[in-house]
Amino acid sequence: MGLLSNRVDRDSLKPGDHIYSWRSAYIYAHHGIYVGDNKVIHFTRHGQEFGTGTFLDILLVSSEPARSQVPCSTCTPPEEAHGVVSSCLNCFLLGGVLYRFEYSVSPTLFLAKARGGTCTLAVSDPPDIVVHRANHLLNNGFGCYNVFKNNCEDFAIYCKTGLLVLDQNTMGQSGQAVSIIGGPLAAVFSTPLRLVTTNVYGMAATAVGVYCASRYAADIGMRRDVVKMSVENLTTRLAAGTLQVVDSSLPVVLPPTR
């Protein structure tokens with residue numbers, strides 16, 4: 001794993017790897033689980049990789065790489081996949097560069113990454129369990145897509161760890177979403193410094209500190225508001241509509257102490 005890039009070659013991929021590729025001039029990245037045999041299982045919004053339900057979707061989709069008009073025979077049609085689809089690696093990448101999301105990184109390396117959505121302090125489960133979760137969700141779905149609380153990165157992180165943030169009033173597992181919110185939040189918190197100093201470097205340092213602190217505290221490997229849930233239990237609760245808030249009957253499983 002590099003400090004600046006998690007870029008990998010296709011030949012190095014193994015079933016159970018969490019992979020991603022940047023889209024729209026690095027505005028966002030699309031994540032999925034490589035399950036072997038040149039196939040990737042990933043979560044979308046009605047077949048669309050990134051969705052907000054607003055006019056922003058038009059901008060994002062228009063800046064994506066052009067998709068082939070000829071249906072790929074190895075990819076699952078979006079309308080048959082409940083938001084979770086299976087694609088060949090070529091269709092998943094859309095001509096982009098392949099990156100591997102890293103797990104069990106050190107706090108130093110995590111904070112050295114300027115942007116979220118590339119690594120986590122959390123520990124991954126064994127590859128066979130990861131692939132099982134991805135395949136089960138392919139057949140049963142992963143709930144309703146939400147860009148900040150239940151997106152493609154949330155899907156991949158759940159497949160890798162089995163950890164869920166169940167409180168719908170908080171952020172999901174996605175480090176990418178935290179980065180989007182953390183930047184403006186850092187700017188807001190650094191603004192009061194103007195009352196005590198006009199030093200632009202001091203205000204910038206504070207903004208960076210707030211940004212890094214928000215990313216670190218929100219990482220799935222550090223949070224204390226998560227539960228470990230089997231994929232069968234998850235899909236049963238999703239089908240019953242009972243997965244809305246933290247269930248007090250579920251034991252909270254804390255991430256391993258680093």
# chains A, B, ... in the order shown; residues from 1 in each chain; ligands from 1
>>> residues_around(residues="A:Ser104", least_positions_apart="3", cutoff="6 Å", atoms="only C-alpha atoms", output="list in words")
Leu121, Ala122 and Val123 of chain A
>>> write_last_selection(atoms="N, CA, C and O atoms", output="mmCIF file, in the first residue's frame")
data_model
loop_
_atom_site.group_PDB
_atom_site.id
_atom_site.type_symbol
_atom_site.label_atom_id
_atom_site.label_comp_id
_atom_site.auth_asym_id
_atom_site.auth_seq_id
_atom_site.Cartn_x
_atom_site.Cartn_y
_atom_site.Cartn_z
ATOM 1 N N LEU A 121 -9.183 1.742 9.662
ATOM 2 C CA LEU A 121 -8.501 1.070 10.763
ATOM 3 C C LEU A 121 -9.166 -0.260 11.097
ATOM 4 O O LEU A 121 -8.610 -1.071 11.837
ATOM 5 N N ALA A 122 -10.359 -0.498 10.577
ATOM 6 C CA ALA A 122 -11.112 -1.715 10.895
ATOM 7 C C ALA A 122 -10.419 -2.959 10.334
ATOM 8 O O ALA A 122 -9.681 -2.895 9.341
ATOM 9 N N VAL A 123 -10.715 -4.079 10.962
ATOM 10 C CA VAL A 123 -10.139 -5.361 10.556
ATOM 11 C C VAL A 123 -11.106 -6.092 9.638
ATOM 12 O O VAL A 123 -12.306 -6.169 9.911
#
>>> residues_around(residues="A:Leu13", least_positions_apart="2", cutoff="10 Å", atoms="only C-alpha atoms", output="ChimeraX atom specification")
/A:8-11,15-19,34-36,38,98-100
>>> closest_residue(among="A:Val105, A:Cys119, A:Ala29, A:Val130", to="A:Phe92", atoms="only C-alpha atoms")
A:Ala29
>>> residues_around(residues="A:His42", least_positions_apart="5", cutoff="7 Å", atoms="only C-alpha atoms", output="list in words")
His31, Gly32, Ile33, Val84, Val85, Ser86 and Cys152 of chain A
>>> closest_residue(among="A:Arg115, A:Lys160, A:Lys14, A:His82", to="A:Tyr28", atoms="only C-alpha atoms")
A:Arg115
>>> atom_distance(atom1="atom CA of A:Gly83", atom2="atom CA of A:Gly95")
21.9 Å
>>> atom_distance(atom1="atom CA of A:Ala217", atom2="atom CA of A:Ala114")
15.1 Å
>>> select_by_dssp(residues="stretch 80-128 of chain A", states="strand (DSSP E)", output="JSON list (two decimals) with N, CA and C atoms, in the first residue's frame")
[["chain", "number", "residue", "atom", "x", "y", "z"],
["A", 84, "VAL", "N", -28.19, -4.01, -5.90],
["A", 84, "VAL", "CA", -26.90, -4.70, -5.86],
["A", 84, "VAL", "C", -26.73, -5.45, -7.18],
["A", 85, "VAL", "N", -25.63, -5.18, -7.86],
["A", 85, "VAL", "CA", -25.43, -5.77, -9.18],
["A", 85, "VAL", "C", -24.09, -6.51, -9.25],
["A", 86, "SER", "N", -24.02, -7.41, -10.21],
["A", 86, "SER", "CA", -22.79, -8.13, -10.50],
["A", 86, "SER", "C", -22.30, -7.68, -11.87],
["A", 87, "SER", "N", -21.06, -7.21, -11.94],
["A", 87, "SER", "CA", -20.50, -6.73, -13.19],
["A", 87, "SER", "C", -19.15, -7.38, -13.45],
["A", 88, "CYS", "N", -18.79, -7.45, -14.72],
["A", 88, "CYS", "CA", -17.43, -7.87, -15.03],
["A", 88, "CYS", "C", -16.49, -6.74, -14.61],
["A", 99, "TYR", "N", -8.07, 0.40, -7.92],
["A", 99, "TYR", "CA", -7.47, 0.61, -6.61],
["A", 99, "TYR", "C", -8.03, -0.41, -5.62],
["A", 100, "ARG", "N", -7.24, -0.73, -4.60],
["A", 100, "ARG", "CA", -7.71, -1.64, -3.55],
["A", 100, "ARG", "C", -7.81, -0.89, -2.23]]
>>> residues_around(residues="A:Glu232", least_positions_apart="4", cutoff="9 Å", atoms="only C-alpha atoms", output="ChimeraX atom specification")
/A:133,136-137,236-237
>>> write_last_selection(atoms="all heavy atoms", output="PDB file, in the first residue's frame")
ATOM      1  N   ARG A 133     -21.095 -12.828   1.964  1.00  0.00           N
ATOM      2  CA  ARG A 133     -21.963 -11.670   2.222  1.00  0.00           C
ATOM      3  C   ARG A 133     -22.333 -10.975   0.913  1.00  0.00           C
ATOM      4  O   ARG A 133     -23.491 -10.615   0.688  1.00  0.00           O
ATOM      5  CB  ARG A 133     -21.260 -10.688   3.155  1.00  0.00           C
ATOM      6  CG  ARG A 133     -21.134 -11.142   4.599  1.00  0.00           C
ATOM      7  CD  ARG A 133     -20.468 -10.071   5.435  1.00  0.00           C
ATOM      8  NE  ARG A 133     -20.241 -10.518   6.814  1.00  0.00           N
ATOM      9  CZ  ARG A 133     -19.096 -10.383   7.469  1.00  0.00           C
ATOM     10  NH1 ARG A 133     -18.066  -9.795   6.876  1.00  0.00           N
ATOM     11  NH2 ARG A 133     -18.972 -10.822   8.706  1.00  0.00           N
ATOM     12  N   HIS A 136     -24.824 -13.041  -1.068  1.00  0.00           N
ATOM     13  CA  HIS A 136     -26.138 -13.052  -0.421  1.00  0.00           C
ATOM     14  C   HIS A 136     -26.865 -11.733  -0.671  1.00  0.00           C
ATOM     15  O   HIS A 136     -28.073 -11.722  -0.966  1.00  0.00           O
ATOM     16  CB  HIS A 136     -25.978 -13.285   1.084  1.00  0.00           C
ATOM     17  CG  HIS A 136     -27.280 -13.465   1.807  1.00  0.00           C
ATOM     18  ND1 HIS A 136     -27.924 -14.681   1.900  1.00  0.00           N
ATOM     19  CD2 HIS A 136     -28.070 -12.572   2.455  1.00  0.00           C
ATOM     20  CE1 HIS A 136     -29.054 -14.532   2.572  1.00  0.00           C
ATOM     21  NE2 HIS A 136     -29.164 -13.264   2.930  1.00  0.00           N
ATOM     22  N   LEU A 137     -26.148 -10.631  -0.585  1.00  0.00           N
ATOM     23  CA  LEU A 137     -26.762  -9.321  -0.819  1.00  0.00           C
ATOM     24  C   LEU A 137     -27.107  -9.125  -2.292  1.00  0.00           C
ATOM     25  O   LEU A 137     -28.037  -8.398  -2.624  1.00  0.00           O
ATOM     26  CB  LEU A 137     -25.830  -8.214  -0.329  1.00  0.00           C
ATOM     27  CG  LEU A 137     -25.605  -8.180   1.191  1.00  0.00           C
ATOM     28  CD1 LEU A 137     -24.561  -7.132   1.559  1.00  0.00           C
ATOM     29  CD2 LEU A 137     -26.914  -7.911   1.934  1.00  0.00           C
ATOM     30  N   THR A 236     -33.070 -10.219   6.502  1.00  0.00           N
ATOM     31  CA  THR A 236     -34.373 -10.507   7.112  1.00  0.00           C
ATOM     32  C   THR A 236     -34.963  -9.236   7.704  1.00  0.00           C
ATOM     33  O   THR A 236     -36.159  -8.938   7.531  1.00  0.00           O
ATOM     34  CB  THR A 236     -34.245 -11.567   8.208  1.00  0.00           C
ATOM     35  OG1 THR A 236     -33.797 -12.804   7.620  1.00  0.00           O
ATOM     36  CG2 THR A 236     -35.588 -11.812   8.896  1.00  0.00           C
ATOM     37  N   ARG A 237     -34.148  -8.453   8.396  1.00  0.00           N
ATOM     38  CA  ARG A 237     -34.610  -7.211   8.992  1.00  0.00           C
ATOM     39  C   ARG A 237     -34.953  -6.166   7.932  1.00  0.00           C
ATOM     40  O   ARG A 237     -35.909  -5.401   8.083  1.00  0.00           O
ATOM     41  CB  ARG A 237     -33.552  -6.663   9.954  1.00  0.00           C
ATOM     42  CG  ARG A 237     -33.440  -7.475  11.249  1.00  0.00           C
ATOM     43  CD  ARG A 237     -32.249  -7.030  12.082  1.00  0.00           C
ATOM     44  NE  ARG A 237     -32.232  -7.749  13.340  1.00  0.00           N
ATOM     45  CZ  ARG A 237     -32.799  -7.311  14.465  1.00  0.00           C
ATOM     46  NH1 ARG A 237     -33.447  -6.158  14.470  1.00  0.00           N
ATOM     47  NH2 ARG A 237     -32.743  -8.021  15.569  1.00  0.00           N
TER      48      ARG A 237
END
>>> residues_around(residues="A:Val97", least_positions_apart="4", cutoff="12 Å", atoms="only C-alpha atoms", output="VMD selection string")
chain A and resid 5 to 10 19 to 23 25 to 26 29 to 30 65 89 to 90 92 to 93
